[in-house]
file run.cif (mmCIF, C-alpha atoms and all ligand atoms)
data_entry
loop_
_atom_site.label_atom_id
_atom_site.label_comp_id
_atom_site.auth_asym_id
_atom_site.auth_seq_id
_atom_site.Cartn_x
_atom_site.Cartn_y
_atom_site.Cartn_z
CA MET I 1 104.06 95.13 121.55
CA THR I 2 104.29 98.90 121.25
CA SER I 3 106.59 100.61 118.76
CA PRO I 4 109.81 102.38 119.78
CA HIS I 5 108.93 104.84 117.00
CA VAL I 6 107.20 108.06 118.08
CA LEU I 7 103.75 107.97 116.48
CA PRO I 8 101.15 110.75 116.19
CA ASP I 9 99.44 111.31 119.56
CA ARG I 10 96.04 112.03 118.01
CA PRO I 11 93.87 110.10 115.55
CA LEU I 12 94.40 111.24 111.96
CA GLY I 13 91.69 111.36 109.29
CA ILE I 14 92.45 109.01 106.38
CA ALA I 15 91.30 109.20 102.75
CA LEU I 16 91.89 106.22 100.44
CA ILE I 17 91.79 106.46 96.64
CA GLY I 18 91.44 103.14 94.78
CA THR I 19 90.21 99.74 95.98
CA GLY I 20 92.13 97.23 93.83
CA PHE I 21 95.20 95.18 94.76
CA MET I 22 96.93 98.06 96.53
CA GLY I 23 93.77 99.77 97.76
CA LYS I 24 92.95 96.73 99.89
CA CYS I 25 96.59 96.59 101.16
CA HIS I 26 96.41 100.23 102.31
CA ALA I 27 92.99 99.67 103.90
CA LEU I 28 94.32 96.64 105.83
CA ALA I 29 97.40 98.61 106.90
CA TRP I 30 95.33 101.55 108.18
CA ARG I 31 93.00 99.18 110.04
CA ASN I 32 95.86 97.19 111.64
CA VAL I 33 98.72 99.60 112.31
CA ALA I 34 97.58 100.68 115.79
CA ALA I 35 96.69 97.10 116.79
CA VAL I 36 100.22 95.98 115.87
CA PHE I 37 102.37 98.95 116.87
CA GLY I 38 100.22 100.94 119.33
CA GLY I 39 99.39 104.63 119.05
CA ALA I 40 96.09 106.18 118.03
CA HIS I 41 93.50 104.32 115.95
CA HIS I 42 93.01 106.53 112.93
CA ARG I 43 89.68 107.65 111.46
CA LEU I 44 88.83 106.06 108.11
CA GLU I 45 87.01 109.13 106.80
CA ILE I 46 86.44 108.84 103.06
CA LEU I 47 87.07 106.37 100.26
CA SER I 48 87.16 107.24 96.57
CA ASP I 49 86.83 104.81 93.67
CA ALA I 50 86.04 105.05 89.97
CA THR I 51 82.24 104.73 90.37
CA PRO I 52 79.79 105.72 93.15
CA GLU I 53 78.66 102.08 93.48
CA SER I 54 82.14 100.60 93.95
CA ALA I 55 83.16 103.49 96.24
CA GLN I 56 80.17 102.81 98.51
CA ARG I 57 80.64 99.03 98.40
CA PHE I 58 84.31 99.22 99.40
CA ALA I 59 83.70 101.98 101.96
CA ASP I 60 81.30 99.55 103.64
CA GLN I 61 83.72 96.61 103.29
CA PHE I 62 86.85 98.47 104.45
CA GLY I 63 85.06 100.46 107.17
CA PHE I 64 85.29 104.02 105.78
CA ALA I 65 82.64 106.49 106.95
CA ARG I 66 81.89 108.04 103.56
CA ALA I 67 82.31 107.31 99.82
CA THR I 68 82.80 109.41 96.68
CA ALA I 69 83.48 108.87 93.00
CA HIS I 70 85.23 112.26 92.89
CA TRP I 71 88.79 111.95 94.17
CA GLU I 72 89.04 115.77 94.36
CA GLU I 73 86.47 115.64 97.18
CA ALA I 74 88.55 113.09 99.10
CA VAL I 75 91.84 115.02 98.88
CA SER I 76 90.25 118.35 99.91
CA ASP I 77 88.00 116.99 102.68
CA THR I 78 88.59 119.05 105.84
CA SER I 79 88.40 115.99 108.12
CA VAL I 80 91.28 114.34 106.23
CA ASP I 81 94.95 114.60 107.29
CA VAL I 82 96.45 111.80 105.15
CA VAL I 83 95.70 110.61 101.60
CA SER I 84 96.57 107.06 100.45
CA ILE I 85 96.76 107.01 96.64
CA THR I 86 96.45 103.60 94.96
CA ALA I 87 94.97 104.61 91.59
CA PRO I 88 96.65 103.79 88.24
CA ASN I 89 100.02 105.45 87.52
CA GLY I 90 98.63 108.12 85.18
CA MET I 91 96.65 109.67 88.07
CA HIS I 92 99.53 109.78 90.57
CA ARG I 93 100.77 113.28 89.74
CA PRO I 94 97.42 115.15 89.73
CA MET I 95 96.18 113.32 92.83
CA ALA I 96 99.42 113.70 94.84
CA GLU I 97 99.89 117.37 93.93
CA ALA I 98 96.26 118.21 94.73
CA ALA I 99 96.57 116.46 98.11
CA LEU I 100 99.80 118.31 98.94
CA GLU I 101 98.28 121.64 97.88
CA ALA I 102 95.32 120.86 100.17
CA GLY I 103 97.71 120.45 103.12
CA LYS I 104 97.62 116.64 103.39
CA HIS I 105 100.33 114.04 104.02
CA VAL I 106 100.61 111.71 100.99
CA TRP I 107 101.27 107.94 100.85
CA LEU I 108 101.54 107.17 97.14
CA GLU I 109 101.97 103.87 95.36
CA LYS I 110 104.99 103.35 93.14
CA PRO I 111 106.06 104.18 90.50
CA MET I 112 105.97 107.85 91.36
CA ALA I 113 104.85 109.09 87.95
CA LEU I 114 104.60 108.43 84.22
CA THR I 115 107.65 110.51 83.24
CA LEU I 116 110.82 111.81 84.87
CA GLY I 117 109.54 115.36 84.31
CA ASP I 118 106.37 114.54 86.27
CA ALA I 119 108.41 112.99 89.10
CA GLU I 120 110.64 116.10 89.26
CA ALA I 121 107.58 118.35 89.46
CA MET I 122 106.09 116.20 92.24
CA ALA I 123 109.36 116.27 94.22
CA ALA I 124 109.36 120.08 93.86
CA THR I 125 105.76 120.28 95.10
CA ALA I 126 106.63 118.10 98.10
CA ALA I 127 109.70 120.26 98.82
CA ALA I 128 107.43 123.33 98.84
CA HIS I 129 105.38 121.67 101.64
CA PRO I 130 108.13 120.64 104.07
CA ASP I 131 105.73 120.13 107.00
CA GLN I 132 103.83 117.41 105.12
CA ALA I 133 105.25 113.89 104.92
CA THR I 134 105.36 111.93 101.66
CA MET I 135 106.08 108.24 101.20
CA LEU I 136 106.15 105.88 98.22
CA GLY I 137 104.90 102.30 98.43
CA TYR I 138 108.20 100.41 98.35
CA ASN I 139 106.86 97.71 100.69
CA TYR I 140 109.61 95.16 100.00
CA LEU I 141 111.99 97.38 102.02
CA ARG I 142 109.95 96.48 105.12
CA SER I 143 110.27 92.70 105.37
CA PRO I 144 112.21 91.54 108.44
CA ALA I 145 114.60 89.53 106.21
CA PHE I 146 115.39 92.57 104.05
CA GLN I 147 115.83 94.84 107.07
CA SER I 148 118.13 92.23 108.63
CA ALA I 149 120.21 91.91 105.44
CA HIS I 150 120.45 95.69 105.22
CA MET I 151 121.80 95.90 108.79
CA MET I 152 124.23 93.01 108.22
CA ILE I 153 125.73 94.67 105.14
CA ARG I 154 125.82 98.09 106.85
CA ASP I 155 127.61 96.56 109.86
CA GLY I 156 130.25 94.81 107.72
CA ALA I 157 129.04 91.20 108.16
CA ILE I 158 130.18 90.36 104.60
CA GLY I 159 133.02 92.88 104.46
CA THR I 160 133.11 95.42 101.66
CA PRO I 161 130.29 94.98 99.09
CA LEU I 162 131.93 94.27 95.73
CA ALA I 163 129.00 93.38 93.48
CA PHE I 164 125.18 93.35 93.32
CA ARG I 165 123.34 90.82 91.13
CA GLY I 166 119.62 91.56 91.04
CA VAL I 167 116.51 90.29 89.25
CA TYR I 168 112.83 91.11 89.54
CA ASP I 169 110.78 88.83 87.29
CA GLU I 170 107.06 88.02 87.11
CA ASP I 171 104.96 86.37 84.41
CA TYR I 172 101.68 88.29 84.67
CA SER I 173 102.04 89.48 81.03
CA ALA I 174 103.58 86.30 79.55
CA ASP I 175 100.34 85.12 77.91
CA PRO I 176 100.06 86.84 74.48
CA LEU I 177 96.26 86.59 74.81
CA LEU I 178 96.30 88.79 77.94
CA PRO I 179 94.12 91.78 76.93
CA TRP I 180 95.68 95.18 76.24
CA SER I 181 95.43 97.54 79.27
CA TRP I 182 96.48 100.95 80.60
CA ARG I 183 99.62 99.33 82.03
CA MET I 184 100.98 98.88 78.46
CA THR I 185 100.68 102.55 77.42
CA HIS I 186 102.92 105.59 77.99
CA GLU I 187 99.85 107.62 78.98
CA GLY I 188 98.39 105.18 81.51
CA GLY I 189 101.36 103.10 82.70
CA GLY I 190 104.46 105.14 81.83
CA LEU I 191 107.31 102.63 81.85
CA GLY I 192 106.59 98.89 81.57
CA ALA I 193 108.46 96.24 83.60
CA LEU I 194 110.88 98.92 84.82
CA GLY I 195 108.08 101.06 86.31
CA ASP I 196 106.08 98.16 87.66
CA LEU I 197 108.79 95.79 88.95
CA GLY I 198 112.25 97.22 88.31
CA CYS I 199 111.68 100.22 90.58
CA HIS I 200 111.26 97.83 93.56
CA LEU I 201 114.61 96.19 92.73
CA VAL I 202 116.19 99.66 92.50
CA SER I 203 114.80 100.48 95.97
CA HIS I 204 116.58 97.41 97.40
CA MET I 205 119.74 98.04 95.39
CA LEU I 206 120.13 101.67 96.52
CA ALA I 207 119.50 100.75 100.17
CA LEU I 208 122.11 97.98 100.08
CA MET I 209 124.76 99.45 97.76
CA GLY I 210 124.40 103.25 97.86
CA PRO I 211 124.16 105.61 94.88
CA VAL I 212 124.56 104.57 91.24
CA THR I 213 126.87 106.61 89.00
CA GLU I 214 126.72 104.84 85.61
CA ILE I 215 124.20 102.68 83.76
CA VAL I 216 124.16 100.90 80.41
CA ALA I 217 120.92 99.09 79.56
CA GLN I 218 118.73 97.53 76.88
CA THR I 219 114.97 97.00 76.82
CA GLN I 220 112.70 94.64 74.89
CA VAL I 221 109.03 94.57 73.88
CA ALA I 222 108.58 90.81 73.66
CA ILE I 223 104.86 90.82 72.73
CA PRO I 224 104.30 93.89 70.52
CA THR I 225 100.47 93.81 70.28
CA ARG I 226 97.66 92.71 72.58
CA PRO I 227 93.98 91.90 71.96
CA SER I 228 91.33 94.51 72.78
CA PRO I 229 87.62 94.86 71.88
CA ASP I 230 88.84 97.15 69.01
CA GLY I 231 91.30 94.55 67.67
CA GLN I 232 95.05 94.16 68.34
CA LYS I 233 96.56 97.26 70.00
CA PRO I 234 100.26 98.14 70.34
CA VAL I 235 102.26 97.62 73.53
CA GLU I 236 104.12 100.89 74.04
CA ASN I 237 106.42 100.09 76.97
CA GLU I 238 109.08 97.46 77.70
CA ASP I 239 108.28 93.88 78.73
CA SER I 240 111.83 93.40 80.03
CA ALA I 241 115.11 95.22 80.65
CA LEU I 242 118.75 94.32 81.31
CA ALA I 243 121.37 96.65 82.76
CA MET I 244 124.95 96.87 84.02
CA LEU I 245 125.74 99.44 86.70
CA ARG I 246 128.59 101.11 88.56
CA PHE I 247 128.04 102.35 92.11
CA ALA I 248 129.67 105.42 93.67
CA SER I 249 131.55 103.00 95.96
CA GLY I 250 133.24 101.47 92.89
CA ALA I 251 131.24 98.23 93.19
CA GLN I 252 129.56 96.84 90.06
CA GLY I 253 126.04 95.63 89.50
CA SER I 254 123.88 93.64 87.12
CA PHE I 255 120.11 94.13 86.94
CA ALA I 256 117.28 92.40 85.08
CA THR I 257 113.52 92.70 85.15
CA SER I 258 110.70 91.11 83.16
CA ARG I 259 106.92 90.88 83.24
CA VAL I 260 106.96 87.99 80.72
CA ALA I 261 109.24 85.53 82.59
CA ARG I 262 107.22 82.30 82.52
CA GLY I 263 106.97 80.63 85.93
CA ARG I 264 108.25 83.59 87.94
CA LYS I 265 105.62 85.03 90.30
CA CYS I 266 107.43 87.52 92.52
CA ARG I 267 111.09 86.73 91.95
CA LEU I 268 112.60 89.82 93.54
CA GLN I 269 115.94 88.09 94.00
CA TRP I 270 119.40 89.49 94.62
CA GLU I 271 122.75 88.62 96.01
CA VAL I 272 125.49 90.88 97.31
CA HIS I 273 129.04 89.61 97.05
CA GLY I 274 131.26 91.08 99.75
CA SER I 275 134.98 90.75 100.46
CA GLU I 276 134.17 88.50 103.45
CA GLY I 277 130.92 86.79 102.44
CA THR I 278 127.71 86.75 100.38
CA ILE I 279 124.03 87.37 101.23
CA VAL I 280 121.22 86.00 99.06
CA PHE I 281 117.50 86.97 99.20
CA ASP I 282 114.44 85.98 97.14
CA GLN I 283 111.01 87.55 97.86
CA GLU I 284 109.30 84.30 96.76
CA ASN I 285 110.92 82.86 99.91
CA MET I 286 110.72 86.10 101.88
CA ASN I 287 111.18 84.40 105.25
CA GLU I 288 114.70 83.20 104.41
CA LEU I 289 118.11 84.81 104.05
CA TRP I 290 121.07 82.72 102.89
CA VAL I 291 124.42 83.89 104.24
CA HIS I 292 127.92 82.65 103.48
CA ARG I 293 130.97 83.89 105.38
CA ALA I 294 134.55 83.32 104.27
CA GLY I 295 135.84 80.00 105.61
CA GLU I 296 132.42 78.30 105.75
CA ALA I 297 131.74 75.42 103.37
CA GLY I 298 128.47 76.82 102.02
CA PHE I 299 125.47 78.99 102.81
CA VAL I 300 123.62 79.11 106.15
CA ARG I 301 119.81 79.58 106.13
CA HIS I 302 118.58 82.35 108.45
CA LEU I 303 114.87 81.84 109.04
CA THR I 304 112.75 84.91 109.81
CA GLY I 305 111.87 85.32 113.47
CA PRO I 306 111.64 87.77 116.38
CA ASP I 307 115.41 88.41 116.23
CA GLN I 308 114.79 90.32 112.97
CA PRO I 309 113.25 93.84 112.89
CA ASP I 310 109.45 94.19 113.23
CA PHE I 311 108.71 90.42 113.26
CA ALA I 312 107.89 90.22 116.97
CA ALA I 313 105.28 92.98 116.68
CA PHE I 314 103.17 90.49 114.72
CA CYS I 315 104.18 87.10 116.13
CA PRO I 316 106.42 85.85 118.98
CA ALA I 317 107.47 82.56 117.35
CA PRO I 318 110.32 82.14 114.81
CA GLY I 319 109.56 80.35 111.57
CA HIS I 320 105.87 81.21 111.70
CA ASN I 321 106.40 83.50 108.71
CA PHE I 322 105.79 87.11 107.77
CA GLY I 323 103.60 88.07 104.79
CA PHE I 324 103.15 90.59 101.99
CA ASN I 325 100.41 92.62 103.71
CA GLU I 326 102.39 92.80 106.95
CA GLN I 327 105.08 94.72 105.06
CA LYS I 328 102.44 97.34 104.33
CA VAL I 329 101.56 97.63 108.05
CA VAL I 330 105.24 98.33 108.79
CA GLU I 331 105.22 100.88 105.97
CA ALA I 332 102.18 102.62 107.54
CA ARG I 333 104.02 102.70 110.89
CA ASP I 334 107.07 104.30 109.23
CA PHE I 335 104.87 106.85 107.49
CA LEU I 336 103.12 107.74 110.76
CA ALA I 337 106.52 108.14 112.46
CA ALA I 338 107.54 110.57 109.70
CA ILE I 339 104.25 112.48 110.14
CA ALA I 340 105.02 112.69 113.88
CA GLY I 341 108.28 114.47 112.98
CA GLY I 342 110.70 111.55 112.88
CA PRO I 343 113.09 110.94 110.00
CA ASN I 344 111.48 109.64 106.82
CA ALA I 345 112.37 105.95 106.88
CA GLY I 346 111.37 105.12 103.34
CA PRO I 347 111.50 106.72 99.95
CA ASP I 348 109.80 110.10 100.24
CA PHE I 349 109.26 112.05 97.01
CA ALA I 350 112.86 113.39 97.05
CA HIS I 351 114.36 109.89 97.36
CA GLY I 352 111.71 108.47 95.03
CA LEU I 353 112.99 110.82 92.34
CA GLU I 354 116.41 109.11 92.60
CA ILE I 355 114.70 105.75 91.88
CA GLU I 356 112.83 107.28 88.92
CA LYS I 357 116.09 108.69 87.49
CA ILE I 358 117.55 105.18 87.41
CA ILE I 359 114.61 103.38 85.81
CA HIS I 360 114.17 106.15 83.22
CA ALA I 361 117.92 106.04 82.43
CA MET I 362 117.59 102.27 81.87
CA ALA I 363 114.62 102.86 79.56
CA ALA I 364 116.52 105.52 77.59
CA SER I 365 120.00 103.96 77.46
CA ASN I 366 119.60 101.77 74.35
CA GLY I 367 123.09 100.36 74.91
CA GLN I 368 124.72 103.74 75.66
CA THR I 369 126.28 104.59 79.02
CA ILE I 370 124.28 107.12 81.04
CA ARG I 371 125.78 108.96 84.00
CA ILE I 372 123.46 109.53 86.95
CA GLU I 373 123.59 112.98 88.46
CA ARG I 374 123.49 112.78 92.24
CA ARG I 375 121.08 114.78 94.34
CA ARG I 376 122.77 117.50 96.36
CA PRO I 377 122.48 116.60 100.06
N1 LIG I 401 103.69 98.27 96.09
C1 LIG I 401 103.38 97.20 95.39
O1 LIG I 401 103.89 96.11 95.65
C2 LIG I 401 102.38 97.32 94.27
C3 LIG I 401 101.77 96.17 93.75
C4 LIG I 401 100.80 96.35 92.74
C5 LIG I 401 100.49 97.61 92.26
N2 LIG I 401 101.14 98.71 92.77
C6 LIG I 401 100.82 100.07 92.28
O2 LIG I 401 99.55 100.44 92.82
C7 LIG I 401 98.83 101.22 91.86
C8 LIG I 401 97.49 100.56 91.60
O3 LIG I 401 97.74 99.25 91.14
P1 LIG I 401 96.68 98.08 91.44
O4 LIG I 401 97.37 96.82 91.04
O5 LIG I 401 96.13 98.22 92.80
O6 LIG I 401 95.58 98.45 90.35
P2 LIG I 401 94.05 98.03 90.34
O7 LIG I 401 93.63 98.14 88.93
O8 LIG I 401 93.86 96.73 91.07
O9 LIG I 401 93.36 99.18 91.23
C9 LIG I 401 93.27 100.51 90.77
C10 LIG I 401 92.12 101.17 91.51
O10 LIG I 401 92.05 102.55 91.15
C11 LIG I 401 90.68 102.87 90.97
N3 LIG I 401 90.52 104.05 90.12
C12 LIG I 401 90.70 104.17 88.80
N4 LIG I 401 90.39 105.41 88.41
C13 LIG I 401 90.01 106.09 89.50
C14 LIG I 401 89.56 107.43 89.74
N5 LIG I 401 89.45 108.32 88.75
N6 LIG I 401 89.23 107.78 91.00
C15 LIG I 401 89.35 106.90 92.03
N7 LIG I 401 89.77 105.63 91.86
C16 LIG I 401 90.09 105.23 90.61
C17 LIG I 401 90.09 101.62 90.35
O11 LIG I 401 88.66 101.58 90.44
C18 LIG I 401 90.75 100.54 91.21
O12 LIG I 401 90.04 100.36 92.42
C19 LIG I 401 99.72 101.32 90.61
O13 LIG I 401 100.40 102.54 90.65
C20 LIG I 401 100.69 100.15 90.77
O14 LIG I 401 101.94 100.39 90.17
C21 LIG I 401 102.06 98.58 93.77
#

call {"tool": "encode", "arguments": {"input": "run.cif", "output": "structure tokens"}}
result
Amino acid sequence: MTSPHVLPDRPLGIALIGTGFMGKCHALAWRNVAAVFGGAHHRLEILSDATPESAQRFADQFGFARATAHWEEAVSDTSVDVVSITAPNGMHRPMAEAALEAGKHVWLEKPMALTLGDAEAMAATAAAHPDQATMLGYNYLRSPAFQSAHMMIRDGAIGTPLAFRGVYDEDYSADPLLPWSWRMTHEGGGLGALGDLGCHLVSHMLALMGPVTEIVAQTQVAIPTRPSPDGQKPVENEDSALAMLRFASGAQGSFATSRVARGRKCRLQWEVHGSEGTIVFDQENMNELWVHRAGEAGFVRHLTGPDQPDFAAFCPAPGHNFGFNEQKVVEARDFLAAIAGGPNAGPDFAHGLEIEKIIHAMAASNGQTIRIERRRP
């Protein structure tokens, strides 16, 4: 199946920075996007990782032509048009700004930056390069079930949205013996659960409900120190956060996120209560939507299939299920469409800044109401 999106008509040169969880996702997406959606097969030019050995090993594994342990070489390489950045959060700003200054399009993993000030500076750099596309890695916006729910709410299937109830919980930090890492510091990770998980929930919430005007929130460091080779070291950022919100529409919201929620693996779960019905989604069951319409006795299960956006490009049969990495292939397609001059379908750096404003307001609220200033259109 070919994509109705207009994609670049020539192969682009790709640089990839980082080869961990997200590095492999980006590599798979770059290798598969043309096979799934048509268009040019892009050139995997150069891969950068922390050491020369790992850079070479993963360049061989992922199919990149060259390897370097110096990311500056990758972002300034003249054969490169697009840079995929999947390094730890503390490197996002220097890497993204250097790539933009070198004339490249930038696909950057979330969160955008360590601080709101850094995110504002990055949005300004992107605005100064209007011919270069930017995109942030909010992959959960791309699942067929989410896209379908988004269209249903937009088209009034549940009437007027009255309330959003959202949670994003995982338990990857629940074990107090988990060693201390960069993720738990302001300098390496920035925010904690809000920057790692909560920002994804905000991306869903804004898409479904529109802008937020007011937030009151509290955060918690549940496990204050972690073991390291130098002894116990402090955890600097939040393990969990709770918030209440008001949307510009007048609707209300509740929001919770935790990285220490025992038993939860990827519980990006929300429901939207509308005047005529309710829609429920949970990423742990990402191939299902549960929909109730006024007058029905209960909820109806909508199983993912080719009637939902982007499913049929991968598989013709309903119920055969869509996966995490396939979301990233859709994201690559959307990024390529933006590079080809189409509208930016996902959070670019300007929209990403709106997400950062919300998570940083939640981190700073400490029980006080914070008003969110809206971006001028
Ligand atoms: N979109 C999502 O669903 C999702 C999921 C997980 C992580 N992330 C984000 O992706 C980013 C990376 O997270 P991860 O889980 O893949 O981490 P990871 O630790 O698995 O991978 C990080 C990679 O960066 C490399 N790296 C470190 N320093 C480098 C340098 N100076 N030059 C080049 N490469 C360097 C490491 O060698 C490693 O390959 C983070 O910003 C994280 O928030 C997003």

call {"tool": "closest_atom_pairs", "arguments": {"input": "run.cif", "of": "chain I", "to": "ligand LIG 401 (chain I)", "cutoff": "6 Å", "atoms": "all atoms listed in the file", "output": "tab-separated table"}}
result
residue	atom	partner	partner_atom	distance
I:Ile17	CA	I:LIG401	C15	5.2
I:Gly18	CA	I:LIG401	O10	3.7
I:Thr19	CA	I:LIG401	O12	3.6
I:Gly20	CA	I:LIG401	O8	3.3
I:Phe21	CA	I:LIG401	O5	3.7
I:Met22	CA	I:LIG401	O5	3.8
I:Gly23	CA	I:LIG401	O5	5.7
I:Ser48	CA	I:LIG401	C15	5.1
I:Asp49	CA	I:LIG401	N7	3.5
I:Ala50	CA	I:LIG401	C16	4.1
I:Trp71	CA	I:LIG401	N6	5.3
I:Thr86	CA	I:LIG401	C7	4.6
I:Ala87	CA	I:LIG401	O10	3.6
I:Pro88	CA	I:LIG401	C19	4.6
I:Asn89	CA	I:LIG401	O13	4.3
I:Glu109	CA	I:LIG401	O2	4.9
I:Lys110	CA	I:LIG401	O14	5.2
I:Pro111	CA	I:LIG401	O14	5.6
I:Gly137	CA	I:LIG401	N1	4.8
I:Tyr138	CA	I:LIG401	N1	5.5
I:Asn139	CA	I:LIG401	N1	5.6
I:Asp196	CA	I:LIG401	O14	5.3

call {"tool": "residues_around", "arguments": {"input": "run.cif", "residues": "Asp131 in chain I", "least_positions_apart": "4", "cutoff": "9 Å", "atoms": "all atoms listed in the file", "output": "ChimeraX atom specification"}}
result
/I:103,105,339,341

call {"tool": "closest_residue", "arguments": {"input": "run.cif", "among": "I:Ile85, I:Ala99, I:Leu336, I:Pro176", "to": "His41 in chain I", "atoms": "all atoms listed in the file"}}
result
I:Leu336

call {"tool": "closest_residue", "arguments": {"input": "run.cif", "among": "I:Thr134, I:Glu120, I:Met362, I:Thr78", "to": "Ala102 in chain I", "atoms": "all atoms listed in the file"}}
result
I:Thr78

call {"tool": "atom_distance", "arguments": {"input": "run.cif", "atom1": "CA of Glu284 in chain I", "atom2": "CA of Asp155 in chain I"}}
result
25.6 Å

call {"tool": "residues_around", "arguments": {"input": "run.cif", "residues": "Ala29 in chain I", "least_positions_apart": "2", "cutoff": "12 Å", "atoms": "only C-alpha atoms", "output": "ChimeraX atom specification"}}
result
/I:14,16,22-27,31-37,41-42,44,62,84,107,137,139,324-336

call {"tool": "atom_distance", "arguments": {"input": "run.cif", "atom1": "CA of Ile370 in chain I", "atom2": "CA of Glu236 in chain I"}}
result
22.2 Å

call {"tool": "decode", "arguments": {"input": "run.cif", "residues": "range 68-130 of chain I", "atoms": "C-alpha atoms", "output": "short mmCIF file (atom, residue, chain, number, x, y, z; two decimals), in the first residue's frame"}}
result
data_model
loop_
_atom_site.label_atom_id
_atom_site.label_comp_id
_atom_site.auth_asym_id
_atom_site.auth_seq_id
_atom_site.Cartn_x
_atom_site.Cartn_y
_atom_site.Cartn_z
CA THR I 68 31.70 7.61 14.54
CA ALA I 69 32.05 8.19 18.26
CA HIS I 70 31.87 11.95 17.63
CA TRP I 71 28.26 13.06 17.22
CA GLU I 72 29.46 16.44 15.89
CA GLU I 73 30.78 14.60 12.81
CA ALA I 74 27.38 12.95 12.23
CA VAL I 75 25.34 16.18 12.46
CA SER I 76 27.69 18.13 10.15
CA ASP I 77 28.26 15.37 7.57
CA THR I 78 27.56 16.80 4.10
CA SER I 79 25.83 13.60 2.90
CA VAL I 80 23.28 13.86 5.74
CA ASP I 81 19.87 15.55 5.38
CA VAL I 82 18.14 14.25 8.54
CA VAL I 83 19.43 13.57 12.06
CA SER I 84 17.67 11.13 14.42
CA ILE I 85 18.67 11.93 18.01
CA THR I 86 18.14 9.16 20.59
CA ALA I 87 20.86 10.04 23.12
CA PRO I 88 20.12 10.76 26.81
CA ASN I 89 18.06 13.88 27.60
CA GLY I 90 21.03 16.02 28.67
CA MET I 91 22.45 15.90 25.12
CA HIS I 92 19.22 16.81 23.31
CA ARG I 93 19.75 20.57 23.22
CA PRO I 94 23.38 20.66 21.99
CA MET I 95 22.80 17.89 19.46
CA ALA I 96 19.50 19.30 18.09
CA GLU I 97 20.80 22.87 17.87
CA ALA I 98 24.02 21.78 16.16
CA ALA I 99 22.02 19.74 13.64
CA LEU I 100 19.68 22.65 12.90
CA GLU I 101 22.61 25.05 12.54
CA ALA I 102 24.17 22.56 10.09
CA GLY I 103 21.03 22.72 7.94
CA LYS I 104 19.55 19.32 8.87
CA HIS I 105 16.00 18.18 9.62
CA VAL I 106 15.79 16.89 13.22
CA TRP I 107 13.80 13.96 14.67
CA LEU I 108 14.43 14.15 18.42
CA GLU I 109 13.32 11.84 21.19
CA LYS I 110 11.19 13.21 24.00
CA PRO I 111 11.40 14.95 26.40
CA MET I 112 12.63 17.92 24.42
CA ALA I 113 15.14 19.16 26.99
CA LEU I 114 16.26 19.22 30.61
CA THR I 115 14.72 22.61 31.45
CA LEU I 116 11.97 24.86 30.13
CA GLY I 117 14.63 27.46 29.29
CA ASP I 118 16.45 24.92 27.12
CA ALA I 119 13.20 23.94 25.37
CA GLU I 120 12.41 27.62 24.67
CA ALA I 121 15.89 28.13 23.19
CA MET I 122 15.48 25.04 20.99
CA ALA I 123 12.06 26.19 19.76
CA ALA I 124 13.63 29.57 18.90
CA THR I 125 16.46 27.85 16.99
CA ALA I 126 13.93 25.76 15.06
CA ALA I 127 11.87 28.90 14.29
CA ALA I 128 15.03 30.51 12.88
CA HIS I 129 15.30 27.58 10.40
CA PRO I 130 11.75 27.46 8.99
#
